[in-house]
Structures are given as C-alpha cells and as structure tokens.
$ cat model-v2.txt   # compact mmCIF, C-alpha atoms
# COMPACT_ATOMS: atom_id res chain seq x y z
CA THR A 142 0.00 0.00 0.00
CA ARG A 143 1.29 3.46 -0.81
CA GLU A 144 0.80 6.18 1.78
CA SER A 145 1.97 9.75 1.80
CA ALA A 146 2.18 12.58 4.27
CA THR A 147 3.76 16.00 4.46
CA TYR A 148 6.06 14.66 7.20
CA ALA A 149 7.32 11.10 7.51
CA ILE A 150 9.13 10.38 10.76
CA ILE A 151 11.35 7.32 10.85
CA GLY A 152 11.50 5.86 14.35
CA ALA A 153 9.05 6.06 17.25
CA GLY A 154 11.50 6.73 20.06
CA LEU A 155 11.60 9.86 22.21
CA ALA A 156 12.75 12.17 19.40
CA GLY A 157 10.40 10.74 16.77
CA ALA A 158 7.40 10.68 19.10
CA ALA A 159 8.08 14.27 20.20
CA ALA A 160 8.35 15.44 16.59
CA ALA A 161 5.15 13.61 15.66
CA TRP A 162 3.24 15.10 18.61
CA ARG A 163 4.34 18.68 17.93
CA LEU A 164 3.88 18.47 14.15
CA ALA A 165 0.43 16.86 14.44
CA GLN A 166 -0.51 19.36 17.14
CA SER A 167 0.31 22.16 14.66
CA GLY A 168 -2.06 20.63 12.10
CA ALA A 169 0.58 19.03 9.90
CA GLU A 170 -0.02 15.74 8.13
CA VAL A 171 2.28 13.20 9.82
CA ILE A 172 3.09 9.53 9.52
CA VAL A 173 5.46 7.71 11.88
CA LEU A 174 7.23 4.59 10.61
CA GLU A 175 8.58 2.29 13.33
CA ARG A 176 10.50 -0.88 12.43
CA ASP A 177 9.28 -2.65 15.57
CA VAL A 178 6.94 -1.16 18.17
CA PRO A 179 7.25 2.24 19.88
CA ALA A 180 9.88 2.31 22.66
CA SER A 181 11.07 -1.16 21.66
CA HIS A 182 14.17 -2.73 23.18
CA LEU A 183 15.72 -2.42 19.69
CA GLY A 184 15.95 1.36 20.09
CA SER A 185 17.38 3.75 22.65
CA SER A 186 14.05 4.87 24.17
CA HIS A 187 12.96 1.64 25.83
CA GLY A 188 12.55 1.14 29.55
CA SER A 189 11.71 3.51 32.33
CA ALA A 190 14.90 5.31 33.33
CA ARG A 191 16.58 8.22 31.55
CA ILE A 192 18.29 11.07 33.38
CA PHE A 193 16.76 14.54 33.39
CA ARG A 194 19.25 17.07 34.72
CA TYR A 195 20.17 20.72 34.42
CA ALA A 196 23.88 20.44 35.27
CA TYR A 197 25.81 21.27 32.11
CA PRO A 198 28.86 23.54 32.05
CA ASP A 199 27.46 25.82 29.33
CA PRO A 200 24.50 28.08 30.27
CA PHE A 201 23.20 27.63 26.70
CA TYR A 202 22.48 23.96 27.42
CA VAL A 203 21.14 24.69 30.89
CA ASP A 204 18.66 27.10 29.31
CA LEU A 205 17.66 24.46 26.74
CA VAL A 206 16.91 22.05 29.59
CA ALA A 207 14.85 24.73 31.37
CA ARG A 208 12.82 25.28 28.19
CA ALA A 209 12.50 21.53 27.64
CA ARG A 210 11.14 21.16 31.17
CA ARG A 211 8.22 23.43 30.24
CA GLY A 212 7.47 21.04 27.37
CA TRP A 213 7.66 18.06 29.73
CA ASP A 214 5.24 19.84 32.09
CA GLU A 215 2.87 20.35 29.16
CA LEU A 216 3.15 16.69 28.17
CA GLU A 217 2.47 15.55 31.73
CA ALA A 218 -0.60 17.79 31.93
CA ALA A 219 -1.92 16.68 28.52
CA SER A 220 -1.38 12.97 29.22
CA GLY A 221 -2.44 13.04 32.86
CA GLN A 222 0.72 11.12 33.81
CA ARG A 223 3.85 11.83 35.80
CA LEU A 224 6.64 11.19 33.31
CA ILE A 225 9.55 12.73 35.22
CA THR A 226 9.96 11.52 38.78
CA PRO A 227 11.79 14.18 40.80
CA SER A 228 14.90 12.88 42.55
CA GLY A 229 17.42 15.69 42.48
CA SER A 230 21.01 15.19 41.36
CA LEU A 231 24.46 15.30 42.91
CA ASP A 232 27.57 16.17 40.94
CA SER A 233 31.02 15.87 42.48
CA GLY A 234 34.61 15.18 41.54
CA VAL A 235 37.23 16.87 39.42
CA VAL A 236 35.76 15.57 36.17
CA ARG A 237 32.28 17.02 36.83
CA ARG A 238 33.65 20.37 38.12
CA PRO A 239 30.77 21.26 40.50
CA ARG A 240 31.74 24.95 40.81
CA GLU A 241 31.63 25.41 37.01
CA LEU A 242 28.27 23.64 36.83
CA ALA A 243 26.93 25.81 39.66
CA ALA A 244 27.98 28.96 37.80
CA ALA A 245 26.04 27.87 34.70
CA LEU A 246 22.95 27.03 36.79
CA GLU A 247 23.23 30.42 38.52
CA GLN A 248 23.29 32.25 35.17
CA VAL A 249 20.03 30.60 34.11
CA GLY A 250 18.34 30.83 37.50
CA ILE A 251 18.12 27.11 38.26
CA GLU A 252 17.78 26.21 41.95
CA HIS A 253 20.96 24.60 43.29
CA GLU A 254 23.39 24.44 46.20
CA LEU A 255 27.17 24.23 46.09
CA LEU A 256 28.33 22.34 49.19
CA THR A 257 31.68 21.50 50.68
CA ASP A 258 32.53 17.80 50.81
CA ALA A 259 31.92 17.89 54.59
CA GLU A 260 28.49 19.54 54.20
CA ALA A 261 27.50 16.98 51.58
CA ALA A 262 28.77 14.07 53.72
CA ALA A 263 26.68 15.35 56.65
CA ARG A 264 23.56 15.43 54.44
CA TRP A 265 24.19 12.16 52.58
CA SER A 266 26.13 10.12 55.11
CA GLN A 267 25.93 6.96 52.99
CA LEU A 268 28.11 8.61 50.31
CA ARG A 269 31.76 9.70 50.30
CA PHE A 270 32.89 12.91 48.58
CA ASP A 271 36.38 14.17 47.75
CA SER A 272 35.42 17.54 46.27
CA GLU A 273 32.75 20.20 46.38
CA VAL A 274 29.28 18.87 45.59
CA LEU A 275 26.55 20.40 43.47
CA TRP A 276 22.96 19.56 44.43
CA HIS A 277 20.11 20.55 42.14
CA PRO A 278 16.68 19.36 43.22
CA GLY A 279 14.99 19.86 39.83
CA ALA A 280 16.66 16.81 38.29
CA GLY A 281 14.83 13.52 37.98
CA VAL A 282 14.22 10.33 36.08
CA ILE A 283 12.29 10.24 32.79
CA ASP A 284 10.07 7.23 32.16
CA ALA A 285 11.12 6.90 28.51
CA GLU A 286 8.63 4.25 27.44
CA SER A 287 5.61 5.92 29.03
CA SER A 288 6.72 9.25 27.54
CA VAL A 289 6.94 7.80 24.03
CA LEU A 290 3.51 6.20 24.36
CA ALA A 291 1.98 9.41 25.74
CA MET A 292 3.40 11.54 22.91
CA LEU A 293 2.24 9.08 20.26
CA GLU A 294 -1.24 8.95 21.80
CA LEU A 295 -1.43 12.75 21.65
CA ALA A 296 -0.03 12.73 18.10
CA ARG A 297 -2.68 10.22 17.01
CA ALA A 298 -5.40 12.28 18.67
CA ALA A 299 -4.19 15.22 16.57
CA GLY A 300 -4.34 13.14 13.37
CA ALA A 301 -0.93 11.49 13.05
CA ARG A 302 -0.72 7.97 11.69
CA VAL A 303 1.66 5.50 13.33
CA ARG A 304 2.76 2.39 11.46
CA THR A 305 4.54 -0.37 13.39
CA GLY A 306 6.52 -3.24 11.92
CA TRP A 307 7.46 -0.92 9.08
CA GLU A 308 11.20 -0.71 8.50
CA ALA A 309 12.38 2.10 6.24
CA ALA A 310 14.59 0.51 3.59
CA SER A 311 15.66 3.77 1.95
CA VAL A 312 14.95 7.46 1.63
CA ARG A 313 15.50 9.18 -1.70
CA ALA A 314 14.73 12.56 -3.21
CA ALA A 315 11.96 12.69 -5.78
CA SER A 316 10.51 15.55 -7.80
CA SER A 317 7.66 15.99 -5.31
CA GLY A 318 9.66 15.52 -2.09
CA TYR A 319 11.10 12.31 -0.68
CA VAL A 320 10.17 8.66 -1.14
$ encode --input "model-v2.txt" --output "structure tokens"
Amino acid sequence: TRESATYAIIGAGLAGAAAAWRLAQSGAEVIVLERDVPASHLGSSHGSARIFRYAYPDPFYVDLVARARRGWDELEAASGQRLITPSGSLDSGVVRRPRELAAALEQVGIEHELLTDAEAAARWSQLRFDSEVLWHPGAGVIDAESSVLAMLELARAAGARVRTGWEAASVRAASSGYV
C-alpha cells in the first residue's frame, strides 16, 4: 500500500514521538514509521529510566533544559501522567567540576546548592565525597517508554498515523519531495 504525508518520521522513540506530537498538534499531516513497536528494546528509548538534569557547564544547554522542562510539564498535563519523577542530582569530583556547573545554573536561575565535601557528607552520610558537591533538586528520572507512548497517543489524537513493523529501507529525493 502506498501512503503519503507531508512529514514522515522514521522511528518512534523519544525524538520521533516528540516530533510527531508537535507536528500533528500544529495541524501538519504526519506519519510515523517504526521498524518494531514504539519504545522497543531495539531502540534507545525503551525502559523507564533516563536522566533529566540541568547540570551542564554551558549556560546555553542549561537554558535548553529549562525550556525543555516546560514542554515536559505540558506533556504531563496533557497525558495526565507523571513522566519525570523528581529525585534531584548530585555532581562531584574533578571531572564534573561542580563549581563550574553551579555557575552555569546560577546564570540561568536554576535552583541549586554548592556544598563542601563535609556539608555533603553530613547530608548524605551513605556517600563519600572528595570535592565540592553540586545539588540541584529539579533533576529527575524520565520514564522513557511511558513518555513515548503518551506523545504518540497525543499525536494520534491530533491526526498522526503511526505504522509499526514498518522498516524504512531507503529514503530518496523525488521531484515531489522524498520517497
């Protein structure tokens, strides 16, 4: 069977499902082609645990995360599900450079605390620290599979078509777009 759409998205993982939801939400004609099933173990968006954190050394990326969080909040409200479980995050050690991370969070206005190793050890006695420690409570764990399914459900509700068991063999330019 031959199908066409203004937008064809190959892969129903987190990125593909997000693109499908937003494009369909805008009124675009969308089809999603997934070689297996959405959030399958064959892709990178399976399972329930992906890190959501703000701690990046460049304020540009911290700001992107802050903007992304607003989208996650919208998705949670639209789906009626908690998709990010708040847990907070600790960063320590010379490789993570907590002071540099704290400076980037400060520039963007993200809640955080920079603690000495002794202050952190007093708060989290089960852990050992050998440097300053950055704590930011806004971090959490993304339920990847539930997020994919929620976005695809919202995409379908907005008119997107999702085809499973449909592996894309090739993509080529044609006079009217891509085939």
$ closest_residue --input "model-v2.txt" --among "A:Gly157, A:Pro179, A:Pro239, A:Pro198" --to "Trp307 of chain A" --atoms "all atoms listed in the file"
A:Pro179
$ closest_residue --input "model-v2.txt" --among "A:Leu231, A:Glu215, A:Arg313, A:Glu241" --to "Ala261 of chain A" --atoms "all atoms listed in the file"
A:Leu231
$ atom_distance --input "model-v2.txt" --atom1 "atom CA of Leu242 of chain A" --atom2 "atom CA of Arg210 of chain A"
18.2 Å
$ residues_around --input "model-v2.txt" --residues "segment 162-175 of chain A" --least-positions-apart "4" --cutoff "7 Å" --atoms "all atoms listed in the file" --output "PyMOL selection string"
chain A and resi 146-153+158+179+292-293+295-296+299-308
$ write_last_selection --input "model-v2.txt" --atoms "C-alpha atoms" --output "PDB file, in the coordinates of the input"
ATOM      1  CA  ALA A 146       2.180  12.580   4.270  1.00  0.00           C
ATOM      2  CA  THR A 147       3.760  16.000   4.460  1.00  0.00           C
ATOM      3  CA  TYR A 148       6.060  14.660   7.200  1.00  0.00           C
ATOM      4  CA  ALA A 149       7.320  11.100   7.510  1.00  0.00           C
ATOM      5  CA  ILE A 150       9.130  10.380  10.760  1.00  0.00           C
ATOM      6  CA  ILE A 151      11.350   7.320  10.850  1.00  0.00           C
ATOM      7  CA  GLY A 152      11.500   5.860  14.350  1.00  0.00           C
ATOM      8  CA  ALA A 153       9.050   6.060  17.250  1.00  0.00           C
ATOM      9  CA  ALA A 158       7.400  10.680  19.100  1.00  0.00           C
ATOM     10  CA  PRO A 179       7.250   2.240  19.880  1.00  0.00           C
ATOM     11  CA  MET A 292       3.400  11.540  22.910  1.00  0.00           C
ATOM     12  CA  LEU A 293       2.240   9.080  20.260  1.00  0.00           C
ATOM     13  CA  LEU A 295      -1.430  12.750  21.650  1.00  0.00           C
ATOM     14  CA  ALA A 296      -0.030  12.730  18.100  1.00  0.00           C
ATOM     15  CA  ALA A 299      -4.190  15.220  16.570  1.00  0.00           C
ATOM     16  CA  GLY A 300      -4.340  13.140  13.370  1.00  0.00           C
ATOM     17  CA  ALA A 301      -0.930  11.490  13.050  1.00  0.00           C
ATOM     18  CA  ARG A 302      -0.720   7.970  11.690  1.00  0.00           C
ATOM     19  CA  VAL A 303       1.660   5.500  13.330  1.00  0.00           C
ATOM     20  CA  ARG A 304       2.760   2.390  11.460  1.00  0.00           C
ATOM     21  CA  THR A 305       4.540  -0.370  13.390  1.00  0.00           C
ATOM     22  CA  GLY A 306       6.520  -3.240  11.920  1.00  0.00           C
ATOM     23  CA  TRP A 307       7.460  -0.920   9.080  1.00  0.00           C
ATOM     24  CA  GLU A 308      11.200  -0.710   8.500  1.00  0.00           C
TER      25      GLU A 308
END
$ atom_distance --input "model-v2.txt" --atom1 "atom CA of Leu183 of chain A" --atom2 "atom CA of Glu294 of chain A"
20.5 Å
$ atom_distance --input "model-v2.txt" --atom1 "atom CA of Ile251 of chain A" --atom2 "atom CA of Ser266 of chain A"
25.2 Å
$ residues_around --input "model-v2.txt" --residues "Ser228 of chain A" --least-positions-apart "3" --cutoff "10 Å" --atoms "only C-alpha atoms" --output "CSV table (one decimal) with C-alpha atoms, keeping the file's coordinate frame"
chain,number,residue,atom,x,y,z
A,192,ILE,CA,18.3,11.1,33.4
A,193,PHE,CA,16.8,14.5,33.4
A,194,ARG,CA,19.2,17.1,34.7
A,225,ILE,CA,9.6,12.7,35.2
A,231,LEU,CA,24.5,15.3,42.9
A,277,HIS,CA,20.1,20.6,42.1
A,278,PRO,CA,16.7,19.4,43.2
A,279,GLY,CA,15.0,19.9,39.8
A,280,ALA,CA,16.7,16.8,38.3
A,281,GLY,CA,14.8,13.5,38.0
A,282,VAL,CA,14.2,10.3,36.1
$ closest_residue --input "model-v2.txt" --among "A:Asp204, A:Glu252, A:Glu260, A:Glu247" --to "Val274 of chain A" --atoms "only C-alpha atoms"
A:Glu260
$ closest_residue --input "model-v2.txt" --among "A:Ala243, A:Ala285, A:Ala262, A:Leu224" --to "Ala156 of chain A" --atoms "all atoms listed in the file"
A:Ala285
$ closest_residue --input "model-v2.txt" --among "A:Ser233, A:Ser287, A:Gln248, A:Ser181" --to "Leu268 of chain A" --atoms "all atoms listed in the file"
A:Ser233
$ axis_aligned_box --input "model-v2.txt" --around "segment 269-288 of chain A" --padding-each-side "5 Å" --output "AutoDock Vina command-line options"
--center_x 21.0 --center_y 12.4 --center_z 38.9 --size_x 40.8 --size_y 26.3 --size_z 32.9
$ closest_residue --input "model-v2.txt" --among "A:Gly154, A:Val249, A:Ala159, A:Ser272" --to "Val236 of chain A" --atoms "all atoms listed in the file"
A:Ser272
$ residues_around --input "model-v2.txt" --residues "Tyr197 of chain A" --least-positions-apart "3" --cutoff "8 Å" --atoms "only C-alpha atoms" --output "PyMOL selection string"
chain A and resi 200+202-203+242+245-246
$ residues_around --input "model-v2.txt" --residues "Glu273 of chain A" --least-positions-apart "3" --cutoff "8 Å" --atoms "all atoms listed in the file" --output "PyMOL selection string"
chain A and resi 233-234+239-240+255-258+270
$ residues_around --input "model-v2.txt" --residues "Trp213 of chain A" --least-positions-apart "4" --cutoff "10 Å" --atoms "only C-alpha atoms" --output "VMD selection string"
chain A and resid 207 to 209 217 to 219 223 to 225 283 288
$ decode --input "model-v2.txt" --residues "segment 192-206 of chain A" --atoms "all heavy atoms" --output "PDB file, in the first residue's frame"
ATOM      1  N   ILE A 192      17.970   9.959  32.491  1.00  0.00           N
ATOM      2  CA  ILE A 192      18.288  11.073  33.382  1.00  0.00           C
ATOM      3  C   ILE A 192      17.738  12.382  32.820  1.00  0.00           C
ATOM      4  O   ILE A 192      17.895  12.672  31.634  1.00  0.00           O
ATOM      5  CB  ILE A 192      19.814  11.202  33.554  1.00  0.00           C
ATOM      6  CG1 ILE A 192      20.374   9.970  34.248  1.00  0.00           C
ATOM      7  CG2 ILE A 192      20.175  12.470  34.333  1.00  0.00           C
ATOM      8  CD1 ILE A 192      21.889   9.907  34.259  1.00  0.00           C
ATOM      9  N   PHE A 193      17.131  13.163  33.699  1.00  0.00           N
ATOM     10  CA  PHE A 193      16.761  14.543  33.388  1.00  0.00           C
ATOM     11  C   PHE A 193      17.542  15.416  34.355  1.00  0.00           C
ATOM     12  O   PHE A 193      17.356  15.325  35.562  1.00  0.00           O
ATOM     13  CB  PHE A 193      15.257  14.775  33.564  1.00  0.00           C
ATOM     14  CG  PHE A 193      14.861  16.177  33.220  1.00  0.00           C
ATOM     15  CD1 PHE A 193      14.551  16.510  31.921  1.00  0.00           C
ATOM     16  CD2 PHE A 193      14.836  17.168  34.192  1.00  0.00           C
ATOM     17  CE1 PHE A 193      14.215  17.821  31.578  1.00  0.00           C
ATOM     18  CE2 PHE A 193      14.512  18.472  33.869  1.00  0.00           C
ATOM     19  CZ  PHE A 193      14.194  18.800  32.565  1.00  0.00           C
ATOM     20  N   ARG A 194      18.446  16.235  33.830  1.00  0.00           N
ATOM     21  CA  ARG A 194      19.255  17.074  34.717  1.00  0.00           C
ATOM     22  C   ARG A 194      19.545  18.407  34.050  1.00  0.00           C
ATOM     23  O   ARG A 194      19.524  18.537  32.833  1.00  0.00           O
ATOM     24  CB  ARG A 194      20.566  16.389  35.070  1.00  0.00           C
ATOM     25  CG  ARG A 194      21.442  16.183  33.864  1.00  0.00           C
ATOM     26  CD  ARG A 194      22.748  15.576  34.236  1.00  0.00           C
ATOM     27  NE  ARG A 194      23.513  15.350  33.019  1.00  0.00           N
ATOM     28  CZ  ARG A 194      24.760  15.040  33.000  1.00  0.00           C
ATOM     29  NH1 ARG A 194      25.406  14.906  34.131  1.00  0.00           N
ATOM     30  NH2 ARG A 194      25.389  14.848  31.882  1.00  0.00           N
ATOM     31  N   TYR A 195      19.833  19.379  34.879  1.00  0.00           N
ATOM     32  CA  TYR A 195      20.166  20.723  34.423  1.00  0.00           C
ATOM     33  C   TYR A 195      21.666  20.972  34.379  1.00  0.00           C
ATOM     34  O   TYR A 195      22.102  21.955  33.781  1.00  0.00           O
ATOM     35  CB  TYR A 195      19.546  21.761  35.366  1.00  0.00           C
ATOM     36  CG  TYR A 195      18.050  21.805  35.322  1.00  0.00           C
ATOM     37  CD1 TYR A 195      17.282  21.016  36.168  1.00  0.00           C
ATOM     38  CD2 TYR A 195      17.385  22.647  34.436  1.00  0.00           C
ATOM     39  CE1 TYR A 195      15.896  21.069  36.132  1.00  0.00           C
ATOM     40  CE2 TYR A 195      16.001  22.706  34.395  1.00  0.00           C
ATOM     41  CZ  TYR A 195      15.268  21.910  35.252  1.00  0.00           C
ATOM     42  OH  TYR A 195      13.900  21.957  35.214  1.00  0.00           O
ATOM     43  N   ALA A 196      22.463  20.151  35.047  1.00  0.00           N
ATOM     44  CA  ALA A 196      23.882  20.437  35.267  1.00  0.00           C
ATOM     45  C   ALA A 196      24.732  20.191  34.026  1.00  0.00           C
ATOM     46  O   ALA A 196      25.222  19.087  33.793  1.00  0.00           O
ATOM     47  CB  ALA A 196      24.409  19.622  36.447  1.00  0.00           C
ATOM     48  N   TYR A 197      24.905  21.253  33.257  1.00  0.00           N
ATOM     49  CA  TYR A 197      25.813  21.273  32.114  1.00  0.00           C
ATOM     50  C   TYR A 197      26.709  22.491  32.275  1.00  0.00           C
ATOM     51  O   TYR A 197      26.266  23.513  32.791  1.00  0.00           O
ATOM     52  CB  TYR A 197      25.035  21.338  30.794  1.00  0.00           C
ATOM     53  CG  TYR A 197      24.259  20.069  30.539  1.00  0.00           C
ATOM     54  CD1 TYR A 197      22.940  19.945  30.956  1.00  0.00           C
ATOM     55  CD2 TYR A 197      24.865  18.979  29.915  1.00  0.00           C
ATOM     56  CE1 TYR A 197      22.234  18.767  30.755  1.00  0.00           C
ATOM     57  CE2 TYR A 197      24.160  17.802  29.709  1.00  0.00           C
ATOM     58  CZ  TYR A 197      22.847  17.702  30.129  1.00  0.00           C
ATOM     59  OH  TYR A 197      22.169  16.541  29.932  1.00  0.00           O
ATOM     60  N   PRO A 198      27.948  22.422  31.819  1.00  0.00           N
ATOM     61  CA  PRO A 198      28.863  23.543  32.054  1.00  0.00           C
ATOM     62  C   PRO A 198      28.564  24.801  31.236  1.00  0.00           C
ATOM     63  O   PRO A 198      29.022  25.870  31.580  1.00  0.00           O
ATOM     64  CB  PRO A 198      30.240  22.978  31.696  1.00  0.00           C
ATOM     65  CG  PRO A 198      29.978  21.783  30.858  1.00  0.00           C
ATOM     66  CD  PRO A 198      28.626  21.267  31.243  1.00  0.00           C
ATOM     67  N   ASP A 199      27.770  24.683  30.193  1.00  0.00           N
ATOM     68  CA  ASP A 199      27.457  25.823  29.333  1.00  0.00           C
ATOM     69  C   ASP A 199      26.028  26.296  29.612  1.00  0.00           C
ATOM     70  O   ASP A 199      25.082  25.513  29.477  1.00  0.00           O
ATOM     71  CB  ASP A 199      27.598  25.390  27.871  1.00  0.00           C
ATOM     72  CG  ASP A 199      27.467  26.528  26.888  1.00  0.00           C
ATOM     73  OD1 ASP A 199      26.773  27.527  27.186  1.00  0.00           O
ATOM     74  OD2 ASP A 199      28.057  26.420  25.799  1.00  0.00           O
ATOM     75  N   PRO A 200      25.847  27.561  29.982  1.00  0.00           N
ATOM     76  CA  PRO A 200      24.501  28.076  30.266  1.00  0.00           C
ATOM     77  C   PRO A 200      23.534  27.911  29.092  1.00  0.00           C
ATOM     78  O   PRO A 200      22.324  27.798  29.295  1.00  0.00           O
ATOM     79  CB  PRO A 200      24.729  29.564  30.570  1.00  0.00           C
ATOM     80  CG  PRO A 200      26.156  29.680  30.928  1.00  0.00           C
ATOM     81  CD  PRO A 200      26.881  28.576  30.204  1.00  0.00           C
ATOM     82  N   PHE A 201      24.053  27.862  27.866  1.00  0.00           N
ATOM     83  CA  PHE A 201      23.197  27.634  26.695  1.00  0.00           C
ATOM     84  C   PHE A 201      22.418  26.325  26.857  1.00  0.00           C
ATOM     85  O   PHE A 201      21.212  26.273  26.641  1.00  0.00           O
ATOM     86  CB  PHE A 201      24.058  27.607  25.422  1.00  0.00           C
ATOM     87  CG  PHE A 201      23.280  27.225  24.187  1.00  0.00           C
ATOM     88  CD1 PHE A 201      22.493  28.165  23.537  1.00  0.00           C
ATOM     89  CD2 PHE A 201      23.338  25.936  23.686  1.00  0.00           C
ATOM     90  CE1 PHE A 201      21.766  27.811  22.398  1.00  0.00           C
ATOM     91  CE2 PHE A 201      22.621  25.580  22.553  1.00  0.00           C
ATOM     92  CZ  PHE A 201      21.831  26.523  21.899  1.00  0.00           C
ATOM     93  N   TYR A 202      23.114  25.261  27.261  1.00  0.00           N
ATOM     94  CA  TYR A 202      22.476  23.958  27.420  1.00  0.00           C
ATOM     95  C   TYR A 202      21.576  23.924  28.657  1.00  0.00           C
ATOM     96  O   TYR A 202      20.529  23.287  28.645  1.00  0.00           O
ATOM     97  CB  TYR A 202      23.519  22.840  27.453  1.00  0.00           C
ATOM     98  CG  TYR A 202      24.212  22.706  26.125  1.00  0.00           C
ATOM     99  CD1 TYR A 202      25.513  23.141  25.952  1.00  0.00           C
ATOM    100  CD2 TYR A 202      23.540  22.176  25.031  1.00  0.00           C
ATOM    101  CE1 TYR A 202      26.142  23.056  24.726  1.00  0.00           C
ATOM    102  CE2 TYR A 202      24.158  22.088  23.802  1.00  0.00           C
ATOM    103  CZ  TYR A 202      25.454  22.525  23.648  1.00  0.00           C
ATOM    104  OH  TYR A 202      26.062  22.451  22.426  1.00  0.00           O
ATOM    105  N   VAL A 203      21.982  24.608  29.698  1.00  0.00           N
ATOM    106  CA  VAL A 203      21.136  24.686  30.891  1.00  0.00           C
ATOM    107  C   VAL A 203      19.814  25.351  30.527  1.00  0.00           C
ATOM    108  O   VAL A 203      18.730  24.898  30.927  1.00  0.00           O
ATOM    109  CB  VAL A 203      21.853  25.453  32.028  1.00  0.00           C
ATOM    110  CG1 VAL A 203      20.933  25.612  33.235  1.00  0.00           C
ATOM    111  CG2 VAL A 203      23.146  24.743  32.424  1.00  0.00           C
ATOM    112  N   ASP A 204      19.880  26.415  29.743  1.00  0.00           N
ATOM    113  CA  ASP A 204      18.662  27.103  29.308  1.00  0.00           C
ATOM    114  C   ASP A 204      17.798  26.194  28.430  1.00  0.00           C
ATOM    115  O   ASP A 204      16.568  26.197  28.548  1.00  0.00           O
ATOM    116  CB  ASP A 204      19.014  28.386  28.561  1.00  0.00           C
ATOM    117  CG  ASP A 204      17.775  29.174  28.179  1.00  0.00           C
ATOM    118  OD1 ASP A 204      16.996  29.548  29.094  1.00  0.00           O
ATOM    119  OD2 ASP A 204      17.563  29.402  26.969  1.00  0.00           O
ATOM    120  N   LEU A 205      18.426  25.410  27.557  1.00  0.00           N
ATOM    121  CA  LEU A 205      17.657  24.460  26.735  1.00  0.00           C
ATOM    122  C   LEU A 205      16.907  23.464  27.619  1.00  0.00           C
ATOM    123  O   LEU A 205      15.742  23.135  27.351  1.00  0.00           O
ATOM    124  CB  LEU A 205      18.570  23.702  25.772  1.00  0.00           C
ATOM    125  CG  LEU A 205      19.105  24.472  24.576  1.00  0.00           C
ATOM    126  CD1 LEU A 205      20.040  23.577  23.756  1.00  0.00           C
ATOM    127  CD2 LEU A 205      17.973  24.993  23.697  1.00  0.00           C
ATOM    128  N   VAL A 206      17.564  22.984  28.670  1.00  0.00           N
ATOM    129  CA  VAL A 206      16.910  22.054  29.586  1.00  0.00           C
ATOM    130  C   VAL A 206      15.739  22.746  30.288  1.00  0.00           C
ATOM    131  O   VAL A 206      14.662  22.162  30.433  1.00  0.00           O
ATOM    132  CB  VAL A 206      17.902  21.470  30.618  1.00  0.00           C
ATOM    133  CG1 VAL A 206      17.184  20.607  31.644  1.00  0.00           C
ATOM    134  CG2 VAL A 206      18.991  20.673  29.919  1.00  0.00           C
TER     135      VAL A 206
END
